[in-house]
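Trainee: Contents of start.pdb (PDB, N, CA and C atoms):
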```pdb
ATOM      1  N   GLN F   1       1.940  12.260 -17.731
ATOM      2  CA  GLN F   1       0.532  12.556 -17.768
ATOM      3  C   GLN F   1       0.165  13.370 -19.004
ATOM      4  N   ASP F   2       1.071  14.189 -19.477
ATOM      5  CA  ASP F   2       0.760  15.030 -20.624
ATOM      6  C   ASP F   2       0.993  14.324 -21.949
ATOM      7  N   ASP F   3       1.561  13.137 -21.923
ATOM      8  CA  ASP F   3       1.863  12.398 -23.137
ATOM      9  C   ASP F   3       0.648  11.548 -23.512
ATOM     10  N   THR F   4      -0.263  12.136 -24.279
ATOM     11  CA  THR F   4      -1.510  11.433 -24.605
ATOM     12  C   THR F   4      -1.275  10.229 -25.508
ATOM     13  N   ARG F   5      -0.277  10.301 -26.334
ATOM     14  CA  ARG F   5       0.013   9.162 -27.221
ATOM     15  C   ARG F   5       0.412   7.930 -26.389
ATOM     16  N   THR F   6       1.371   8.123 -25.488
ATOM     17  CA  THR F   6       1.792   7.015 -24.629
ATOM     18  C   THR F   6       0.636   6.582 -23.730
ATOM     19  N   GLY F   7      -0.110   7.539 -23.210
ATOM     20  CA  GLY F   7      -1.263   7.221 -22.387
ATOM     21  C   GLY F   7      -2.269   6.354 -23.121
ATOM     22  N   GLY F   8      -2.416   6.587 -24.410
ATOM     23  CA  GLY F   8      -3.313   5.768 -25.218
ATOM     24  C   GLY F   8      -2.866   4.324 -25.304
ATOM     25  N   TYR F   9      -1.549   4.130 -25.292
ATOM     26  CA  TYR F   9      -1.015   2.761 -25.348
ATOM     27  C   TYR F   9      -1.121   2.039 -24.006
ATOM     28  N   ILE F  10      -0.807   2.746 -22.950
ATOM     29  CA  ILE F  10      -0.764   2.069 -21.648
ATOM     30  C   ILE F  10      -2.085   2.143 -20.883
ATOM     31  N   GLY F  11      -2.984   3.005 -21.290
ATOM     32  CA  GLY F  11      -4.274   3.143 -20.615
ATOM     33  C   GLY F  11      -5.028   1.831 -20.453
ATOM     34  N   PRO F  12      -5.102   1.013 -21.500
ATOM     35  CA  PRO F  12      -5.823  -0.257 -21.361
ATOM     36  C   PRO F  12      -5.179  -1.229 -20.358
ATOM     37  N   LEU F  13      -3.923  -0.989 -20.006
ATOM     38  CA  LEU F  13      -3.243  -1.860 -19.048
ATOM     39  C   LEU F  13      -3.560  -1.493 -17.604
ATOM     40  N   ASP F  14      -4.121  -0.302 -17.402
ATOM     41  CA  ASP F  14      -4.396   0.168 -16.046
ATOM     42  C   ASP F  14      -5.545  -0.626 -15.431
ATOM     43  N   SER F  15      -5.362  -1.012 -14.191
ATOM     44  CA  SER F  15      -6.410  -1.676 -13.416
ATOM     45  C   SER F  15      -6.652  -0.846 -12.165
ATOM     46  N   PRO F  16      -7.811  -0.212 -12.047
ATOM     47  CA  PRO F  16      -8.067   0.617 -10.875
ATOM     48  C   PRO F  16      -7.915  -0.135  -9.553
ATOM     49  N   ASP F  17      -8.329  -1.388  -9.507
ATOM     50  CA  ASP F  17      -8.194  -2.170  -8.270
ATOM     51  C   ASP F  17      -6.732  -2.366  -7.893
ATOM     52  N   VAL F  18      -5.913  -2.674  -8.876
ATOM     53  CA  VAL F  18      -4.484  -2.872  -8.616
ATOM     54  C   VAL F  18      -3.845  -1.546  -8.218
ATOM     55  N   ARG F  19      -4.235  -0.468  -8.885
ATOM     56  CA  ARG F  19      -3.667   0.843  -8.562
ATOM     57  C   ARG F  19      -3.966   1.230  -7.118
ATOM     58  N   VAL F  20      -5.195   1.009  -6.657
ATOM     59  CA  VAL F  20      -5.562   1.325  -5.267
ATOM     60  C   VAL F  20      -4.695   0.524  -4.299
ATOM     61  N   ALA F  21      -4.549  -0.771  -4.566
ATOM     62  CA  ALA F  21      -3.757  -1.633  -3.687
ATOM     63  C   ALA F  21      -2.301  -1.177  -3.640
ATOM     64  N   VAL F  22      -1.729  -0.918  -4.783
ATOM     65  CA  VAL F  22      -0.316  -0.527  -4.850
ATOM     66  C   VAL F  22      -0.091   0.824  -4.179
ATOM     67  N   GLU F  23      -1.002   1.763  -4.393
ATOM     68  CA  GLU F  23      -0.838   3.073  -3.758
ATOM     69  C   GLU F  23      -0.901   2.958  -2.230
ATOM     70  N   ALA F  24      -1.806   2.124  -1.717
ATOM     71  CA  ALA F  24      -1.902   1.940  -0.267
ATOM     72  C   ALA F  24      -0.640   1.278   0.277
ATOM     73  N   GLU F  25      -0.176   0.227  -0.392
ATOM     74  CA  GLU F  25       1.034  -0.479   0.052
ATOM     75  C   GLU F  25       2.249   0.438   0.036
ATOM     76  N   ARG F  26       2.424   1.164  -1.044
ATOM     77  CA  ARG F  26       3.591   2.055  -1.161
ATOM     78  C   ARG F  26       3.547   3.187  -0.147
ATOM     79  N   ALA F  27       2.349   3.728   0.110
ATOM     80  CA  ALA F  27       2.233   4.812   1.086
ATOM     81  C   ALA F  27       2.613   4.315   2.481
ATOM     82  N   ALA F  28       2.178   3.115   2.827
ATOM     83  CA  ALA F  28       2.530   2.556   4.141
ATOM     84  C   ALA F  28       4.032   2.363   4.247
ATOM     85  N   MET F  29       4.629   1.810   3.215
ATOM     86  CA  MET F  29       6.069   1.569   3.237
ATOM     87  C   MET F  29       6.843   2.882   3.314
ATOM     88  N   ALA F  30       6.386   3.892   2.592
ATOM     89  CA  ALA F  30       7.066   5.194   2.623
ATOM     90  C   ALA F  30       6.939   5.835   4.004
ATOM     91  N   GLU F  31       5.763   5.732   4.613
ATOM     92  CA  GLU F  31       5.551   6.312   5.948
ATOM     93  C   GLU F  31       6.467   5.657   6.979
ATOM     94  N   LEU F  32       6.722   4.361   6.804
ATOM     95  CA  LEU F  32       7.597   3.627   7.726
ATOM     96  C   LEU F  32       9.062   3.694   7.307
ATOM     97  N   GLU F  33       9.324   4.450   6.234
ATOM     98  CA  GLU F  33      10.667   4.565   5.669
ATOM     99  C   GLU F  33      11.213   3.179   5.348
ATOM    100  N   GLY F  34      10.311   2.341   4.833
ATOM    101  CA  GLY F  34      10.671   0.963   4.502
ATOM    102  C   GLY F  34      11.535   0.889   3.262
ATOM    103  N   GLY F  35      12.378  -0.062   3.275
ATOM    104  CA  GLY F  35      13.251  -0.329   2.150
ATOM    105  C   GLY F  35      13.766  -1.742   2.276
ATOM    106  N   CYS F  36      14.841  -2.003   1.632
ATOM    107  CA  CYS F  36      15.403  -3.353   1.633
ATOM    108  C   CYS F  36      15.978  -3.761   2.984
ATOM    109  N   ARG F  37      16.231  -2.803   3.850
ATOM    110  CA  ARG F  37      16.873  -3.116   5.133
ATOM    111  C   ARG F  37      15.886  -3.305   6.278
ATOM    112  N   ILE F  38      14.622  -3.086   6.012
ATOM    113  CA  ILE F  38      13.615  -3.204   7.062
ATOM    114  C   ILE F  38      12.785  -4.459   6.797
ATOM    115  N   PRO F  39      12.651  -5.341   7.789
ATOM    116  CA  PRO F  39      11.843  -6.548   7.606
ATOM    117  C   PRO F  39      10.350  -6.203   7.684
ATOM    118  N   LEU F  40       9.801  -5.787   6.539
ATOM    119  CA  LEU F  40       8.447  -5.266   6.469
ATOM    120  C   LEU F  40       7.709  -5.924   5.323
ATOM    121  N   GLY F  41       6.494  -6.357   5.585
ATOM    122  CA  GLY F  41       5.638  -6.899   4.540
ATOM    123  C   GLY F  41       4.357  -6.105   4.465
ATOM    124  N   ALA F  42       3.892  -5.838   3.248
ATOM    125  CA  ALA F  42       2.645  -5.106   3.046
ATOM    126  C   ALA F  42       1.895  -5.746   1.889
ATOM    127  N   VAL F  43       0.614  -6.034   2.126
ATOM    128  CA  VAL F  43      -0.213  -6.578   1.053
ATOM    129  C   VAL F  43      -1.642  -6.081   1.249
ATOM    130  N   CYS F  44      -2.254  -5.698   0.157
ATOM    131  CA  CYS F  44      -3.636  -5.241   0.169
ATOM    132  C   CYS F  44      -4.483  -6.348  -0.453
ATOM    133  N   LEU F  45      -5.406  -6.879   0.322
ATOM    134  CA  LEU F  45      -6.246  -7.983  -0.129
ATOM    135  C   LEU F  45      -7.702  -7.538  -0.215
ATOM    136  N   THR F  46      -8.424  -8.143  -1.147
ATOM    137  CA  THR F  46      -9.842  -7.845  -1.313
ATOM    138  C   THR F  46     -10.661  -9.079  -0.975
ATOM    139  N   ALA F  47     -11.646  -8.900  -0.113
ATOM    140  CA  ALA F  47     -12.571  -9.974   0.242
ATOM    141  C   ALA F  47     -13.955  -9.363   0.424
ATOM    142  N   ASP F  48     -14.942  -9.987  -0.164
ATOM    143  CA  ASP F  48     -16.324  -9.502  -0.067
ATOM    144  C   ASP F  48     -16.453  -8.043  -0.499
ATOM    145  N   GLY F  49     -15.676  -7.655  -1.501
ATOM    146  CA  GLY F  49     -15.742  -6.300  -2.028
ATOM    147  C   GLY F  49     -15.049  -5.242  -1.197
ATOM    148  N   ARG F  50     -14.375  -5.648  -0.129
ATOM    149  CA  ARG F  50     -13.660  -4.696   0.728
ATOM    150  C   ARG F  50     -12.168  -4.950   0.652
ATOM    151  N   ARG F  51     -11.413  -3.864   0.602
ATOM    152  CA  ARG F  51      -9.955  -3.967   0.580
ATOM    153  C   ARG F  51      -9.409  -3.743   1.979
ATOM    154  N   THR F  52      -8.445  -4.560   2.350
ATOM    155  CA  THR F  52      -7.785  -4.417   3.645
ATOM    156  C   THR F  52      -6.280  -4.453   3.434
ATOM    157  N   LEU F  53      -5.596  -3.497   4.018
ATOM    158  CA  LEU F  53      -4.138  -3.462   3.957
ATOM    159  C   LEU F  53      -3.595  -4.168   5.186
ATOM    160  N   HIS F  54      -2.785  -5.174   4.962
ATOM    161  CA  HIS F  54      -2.162  -5.950   6.031
ATOM    162  C   HIS F  54      -0.674  -5.591   6.077
ATOM    163  N   LEU F  55      -0.195  -5.225   7.249
ATOM    164  CA  LEU F  55       1.223  -4.916   7.434
ATOM    165  C   LEU F  55       1.796  -5.823   8.511
ATOM    166  N   LYS F  56       3.031  -6.209   8.324
ATOM    167  CA  LYS F  56       3.751  -6.974   9.340
ATOM    168  C   LYS F  56       5.196  -6.509   9.316
ATOM    169  N   MET F  57       5.735  -6.212  10.504
ATOM    170  CA  MET F  57       7.106  -5.744  10.598
ATOM    171  C   MET F  57       7.777  -6.404  11.794
ATOM    172  N   LEU F  58       8.941  -6.946  11.574
ATOM    173  CA  LEU F  58       9.725  -7.514  12.668
ATOM    174  C   LEU F  58      10.457  -6.404  13.407
ATOM    175  N   GLU F  59      10.630  -6.584  14.708
ATOM    176  CA  GLU F  59      11.439  -5.650  15.474
ATOM    177  C   GLU F  59      12.877  -5.749  14.964
ATOM    178  N   PRO F  60      13.610  -4.644  14.970
ATOM    179  CA  PRO F  60      14.983  -4.671  14.457
ATOM    180  C   PRO F  60      15.881  -5.732  15.103
ATOM    181  N   ASP F  61      15.637  -6.005  16.394
ATOM    182  CA  ASP F  61      16.480  -6.998  17.075
ATOM    183  C   ASP F  61      15.896  -8.410  16.987
ATOM    184  N   GLY F  62      14.781  -8.555  16.277
ATOM    185  CA  GLY F  62      14.168  -9.866  16.101
ATOM    186  C   GLY F  62      13.353 -10.336  17.287
ATOM    187  N   SER F  63      13.134  -9.479  18.262
ATOM    188  CA  SER F  63      12.464  -9.888  19.496
ATOM    189  C   SER F  63      10.948  -9.999  19.375
ATOM    190  N   GLY F  64      10.393  -9.481  18.330
ATOM    191  CA  GLY F  64       8.938  -9.523  18.206
ATOM    192  C   GLY F  64       8.481  -9.085  16.838
ATOM    193  N   VAL F  65       7.177  -9.053  16.687
ATOM    194  CA  VAL F  65       6.578  -8.667  15.418
ATOM    195  C   VAL F  65       5.391  -7.743  15.688
ATOM    196  N   ARG F  66       5.212  -6.787  14.812
ATOM    197  CA  ARG F  66       4.075  -5.874  14.890
ATOM    198  C   ARG F  66       3.192  -6.128  13.672
ATOM    199  N   THR F  67       1.891  -6.091  13.871
ATOM    200  CA  THR F  67       0.965  -6.270  12.758
ATOM    201  C   THR F  67      -0.112  -5.196  12.805
ATOM    202  N   ALA F  68      -0.643  -4.878  11.645
ATOM    203  CA  ALA F  68      -1.749  -3.928  11.542
ATOM    204  C   ALA F  68      -2.612  -4.318  10.348
ATOM    205  N   ARG F  69      -3.896  -4.081  10.488
ATOM    206  CA  ARG F  69      -4.854  -4.272   9.393
ATOM    207  C   ARG F  69      -5.743  -3.042   9.361
ATOM    208  N   VAL F  70      -5.862  -2.453   8.192
ATOM    209  CA  VAL F  70      -6.659  -1.241   8.049
ATOM    210  C   VAL F  70      -7.488  -1.349   6.779
ATOM    211  N   ALA F  71      -8.757  -0.987   6.878
ATOM    212  CA  ALA F  71      -9.615  -0.933   5.693
ATOM    213  C   ALA F  71      -9.086   0.157   4.762
ATOM    214  N   VAL F  72      -9.085  -0.134   3.475
ATOM    215  CA  VAL F  72      -8.572   0.817   2.483
ATOM    216  C   VAL F  72      -9.743   1.530   1.823
ATOM    217  N   ASP F  73      -9.698   2.851   1.885
ATOM    218  CA  ASP F  73     -10.692   3.681   1.201
ATOM    219  C   ASP F  73     -10.232   3.836  -0.248
ATOM    220  N   PRO F  74     -10.967   3.307  -1.219
ATOM    221  CA  PRO F  74     -10.518   3.398  -2.612
ATOM    222  C   PRO F  74     -10.427   4.835  -3.123
ATOM    223  N   ARG F  75     -11.070   5.767  -2.441
ATOM    224  CA  ARG F  75     -10.970   7.171  -2.826
ATOM    225  C   ARG F  75      -9.727   7.822  -2.266
ATOM    226  N   ASN F  76      -9.108   7.168  -1.249
ATOM    227  CA  ASN F  76      -7.904   7.726  -0.624
ATOM    228  C   ASN F  76      -6.973   6.596  -0.176
ATOM    229  N   PRO F  77      -6.435   5.847  -1.136
ATOM    230  CA  PRO F  77      -5.563   4.740  -0.753
ATOM    231  C   PRO F  77      -4.279   5.192  -0.073
ATOM    232  N   VAL F  78      -3.765   6.349  -0.438
ATOM    233  CA  VAL F  78      -2.543   6.858   0.195
ATOM    234  C   VAL F  78      -2.812   7.153   1.668
ATOM    235  N   GLY F  79      -3.900   7.822   1.962
ATOM    236  CA  GLY F  79      -4.259   8.103   3.345
ATOM    237  C   GLY F  79      -4.483   6.829   4.144
ATOM    238  N   SER F  80      -5.056   5.829   3.500
ATOM    239  CA  SER F  80      -5.266   4.541   4.170
ATOM    240  C   SER F  80      -3.936   3.866   4.485
ATOM    241  N   GLY F  81      -3.002   3.946   3.555
ATOM    242  CA  GLY F  81      -1.679   3.366   3.777
ATOM    243  C   GLY F  81      -0.953   4.050   4.913
ATOM    244  N   ILE F  82      -1.044   5.360   4.965
ATOM    245  CA  ILE F  82      -0.399   6.108   6.055
ATOM    246  C   ILE F  82      -1.038   5.746   7.394
ATOM    247  N   ALA F  83      -2.368   5.635   7.413
ATOM    248  CA  ALA F  83      -3.063   5.249   8.647
ATOM    249  C   ALA F  83      -2.626   3.870   9.118
ATOM    250  N   ALA F  84      -2.458   2.938   8.190
ATOM    251  CA  ALA F  84      -2.021   1.587   8.545
ATOM    252  C   ALA F  84      -0.609   1.624   9.137
ATOM    253  N   ALA F  85       0.260   2.404   8.536
ATOM    254  CA  ALA F  85       1.630   2.517   9.038
ATOM    255  C   ALA F  85       1.652   3.097  10.444
ATOM    256  N   ARG F  86       0.831   4.101  10.671
ATOM    257  CA  ARG F  86       0.783   4.718  12.005
ATOM    258  C   ARG F  86       0.191   3.765  13.034
ATOM    259  N   ALA F  87      -0.732   2.909  12.610
ATOM    260  CA  ALA F  87      -1.311   1.910  13.529
ATOM    261  C   ALA F  87      -0.267   0.866  13.908
ATOM    262  N   LEU F  88       0.702   0.664  13.042
ATOM    263  CA  LEU F  88       1.751  -0.338  13.278
ATOM    264  C   LEU F  88       2.761   0.127  14.314
ATOM    265  N   ARG F  89       2.949   1.417  14.425
ATOM    266  CA  ARG F  89       3.974   1.976  15.322
ATOM    267  C   ARG F  89       3.649   1.778  16.764
TER     268      ARG F  89
END
```
Starting from the file, lay out its structure as structure tokens.
Mentor:
Amino acid sequence: QDDTRTGGYIGPLDSPDVRVAVEAERAAMAELEGGCRIPLGAVCLTADGRRTLHLKMLEPDGSGVRTARVAVDPRNPVGSGIAAARALR
């Protein structure tokens, strides 16, 4: 953050919409302690100007699936991701 020279180079690559989606997805995965060993999918989609985080997780024994959909607040994508993860539990 303090490297203004590098920030000048990469700043034009930043997409606020993508950043919101990624922050929400990552927060949900972190809240669920998701990693390569957990059958978990997370995607943030935009429709009609609204972002929705969709989560799907298989039960560890394969007996079922859990799903959650939560509206993403662009001012607090991390909080939205955590809320989605908690709704999945």
Trainee: Taking the file as shown, find all residues satisfying the PyMOL selection byres ((chain F and resi 77) around 7) and write them as a list in words.
Mentor: Val20, Ala21, Glu23, Ala24, Glu25, Ala27, Val72, Asp73, Pro74, Arg75, Asn76, Val78, Gly79, Ser80, Gly81 and Ile82 of chain F
Trainee: Counting only C-alpha atoms, what is within 10 Å of stretch 46-62 of chain F, bar same-chain residues fewer than 3 positions away, as a ChimeraX atom specification?
Mentor: /F:17,20-21,24-25,28-29,32,34,37-43,65-74,77,80-81,83-85,87-89
Trainee: Using backbone DSSP assignments, extract all alpha helix (DSSP H) residues from chain F; output them as a short mmCIF file (atom, residue, chain, number, x, y, z; two decimals) with N, CA and C atoms, keeping the file's coordinate frame.
Mentor:
```
data_model
loop_
_atom_site.label_atom_id
_atom_site.label_comp_id
_atom_site.auth_asym_id
_atom_site.auth_seq_id
_atom_site.Cartn_x
_atom_site.Cartn_y
_atom_site.Cartn_z
N THR F 4 -0.26 12.14 -24.28
CA THR F 4 -1.51 11.43 -24.60
C THR F 4 -1.27 10.23 -25.51
N ARG F 5 -0.28 10.30 -26.33
CA ARG F 5 0.01 9.16 -27.22
C ARG F 5 0.41 7.93 -26.39
N THR F 6 1.37 8.12 -25.49
CA THR F 6 1.79 7.02 -24.63
C THR F 6 0.64 6.58 -23.73
N GLY F 7 -0.11 7.54 -23.21
CA GLY F 7 -1.26 7.22 -22.39
C GLY F 7 -2.27 6.35 -23.12
N GLY F 8 -2.42 6.59 -24.41
CA GLY F 8 -3.31 5.77 -25.22
C GLY F 8 -2.87 4.32 -25.30
N TYR F 9 -1.55 4.13 -25.29
CA TYR F 9 -1.01 2.76 -25.35
C TYR F 9 -1.12 2.04 -24.01
N ILE F 10 -0.81 2.75 -22.95
CA ILE F 10 -0.76 2.07 -21.65
C ILE F 10 -2.08 2.14 -20.88
N PRO F 16 -7.81 -0.21 -12.05
CA PRO F 16 -8.07 0.62 -10.88
C PRO F 16 -7.92 -0.14 -9.55
N ASP F 17 -8.33 -1.39 -9.51
CA ASP F 17 -8.19 -2.17 -8.27
C ASP F 17 -6.73 -2.37 -7.89
N VAL F 18 -5.91 -2.67 -8.88
CA VAL F 18 -4.48 -2.87 -8.62
C VAL F 18 -3.84 -1.55 -8.22
N ARG F 19 -4.24 -0.47 -8.88
CA ARG F 19 -3.67 0.84 -8.56
C ARG F 19 -3.97 1.23 -7.12
N VAL F 20 -5.20 1.01 -6.66
CA VAL F 20 -5.56 1.32 -5.27
C VAL F 20 -4.70 0.52 -4.30
N ALA F 21 -4.55 -0.77 -4.57
CA ALA F 21 -3.76 -1.63 -3.69
C ALA F 21 -2.30 -1.18 -3.64
N VAL F 22 -1.73 -0.92 -4.78
CA VAL F 22 -0.32 -0.53 -4.85
C VAL F 22 -0.09 0.82 -4.18
N GLU F 23 -1.00 1.76 -4.39
CA GLU F 23 -0.84 3.07 -3.76
C GLU F 23 -0.90 2.96 -2.23
N ALA F 24 -1.81 2.12 -1.72
CA ALA F 24 -1.90 1.94 -0.27
C ALA F 24 -0.64 1.28 0.28
N GLU F 25 -0.18 0.23 -0.39
CA GLU F 25 1.03 -0.48 0.05
C GLU F 25 2.25 0.44 0.04
N ARG F 26 2.42 1.16 -1.04
CA ARG F 26 3.59 2.06 -1.16
C ARG F 26 3.55 3.19 -0.15
N ALA F 27 2.35 3.73 0.11
CA ALA F 27 2.23 4.81 1.09
C ALA F 27 2.61 4.32 2.48
N ALA F 28 2.18 3.12 2.83
CA ALA F 28 2.53 2.56 4.14
C ALA F 28 4.03 2.36 4.25
N MET F 29 4.63 1.81 3.22
CA MET F 29 6.07 1.57 3.24
C MET F 29 6.84 2.88 3.31
N ALA F 30 6.39 3.89 2.59
CA ALA F 30 7.07 5.19 2.62
C ALA F 30 6.94 5.84 4.00
N GLU F 31 5.76 5.73 4.61
CA GLU F 31 5.55 6.31 5.95
C GLU F 31 6.47 5.66 6.98
N PRO F 77 -6.44 5.85 -1.14
CA PRO F 77 -5.56 4.74 -0.75
C PRO F 77 -4.28 5.19 -0.07
N VAL F 78 -3.76 6.35 -0.44
CA VAL F 78 -2.54 6.86 0.20
C VAL F 78 -2.81 7.15 1.67
N GLY F 79 -3.90 7.82 1.96
CA GLY F 79 -4.26 8.10 3.34
C GLY F 79 -4.48 6.83 4.14
N SER F 80 -5.06 5.83 3.50
CA SER F 80 -5.27 4.54 4.17
C SER F 80 -3.94 3.87 4.49
N GLY F 81 -3.00 3.95 3.56
CA GLY F 81 -1.68 3.37 3.78
C GLY F 81 -0.95 4.05 4.91
N ILE F 82 -1.04 5.36 4.96
CA ILE F 82 -0.40 6.11 6.06
C ILE F 82 -1.04 5.75 7.39
N ALA F 83 -2.37 5.64 7.41
CA ALA F 83 -3.06 5.25 8.65
C ALA F 83 -2.63 3.87 9.12
N ALA F 84 -2.46 2.94 8.19
CA ALA F 84 -2.02 1.59 8.54
C ALA F 84 -0.61 1.62 9.14
N ALA F 85 0.26 2.40 8.54
CA ALA F 85 1.63 2.52 9.04
C ALA F 85 1.65 3.10 10.44
N ARG F 86 0.83 4.10 10.67
CA ARG F 86 0.78 4.72 12.00
C ARG F 86 0.19 3.76 13.03
N ALA F 87 -0.73 2.91 12.61
CA ALA F 87 -1.31 1.91 13.53
C ALA F 87 -0.27 0.87 13.91
N LEU F 88 0.70 0.66 13.04
CA LEU F 88 1.75 -0.34 13.28
C LEU F 88 2.76 0.13 14.31
#
```
Trainee: Would you please extract all strand (DSSP E or B) residues from chain F, as assigned by DSSP on the backbone, and give them as a VMD selection string?
Mentor: chain F and resid 40 to 47 50 to 58 65 to 71
Trainee: May I ask for the distance between atom C of F:Ser63 and atom C of F:Cys36, given in Å to one decimal place?
Mentor: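 Atom C of F:Cys36 lies 18.2 Å from atom C of F:Ser63.
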Trainee: F:Tyr9, F:Glu31, F:Val22, F:Gly64: which is nearest F:Cys44, counting only C-alpha atoms?
Mentor: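 That would be F:Val22, the residue with the smallest distance to F:Cys44.
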Trainee: Provide the atom N of F:Arg26 to atom CA of F:Arg5 distance in Å, to one decimal place.
Mentor: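 Interatomic distance, atom N of F:Arg26 to atom CA of F:Arg5: 27.5 Å.
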Trainee: For atom CA of F:Ala30 and atom CA of F:Pro12, quote the distance in Å rounded to one decimal.
Mentor: 27.8 Å
Trainee: Listed atoms of stretch 40-54 of chain F, axis-aligned box, 8 Å per side: centre and edge lengths to one decimal in Å, as JSON?
Mentor:
```
{"center_x": -3.3, "center_y": -6.7, "center_z": 2.3, "size_x": 42.3, "size_y": 22.5, "size_z": 24.6}
```
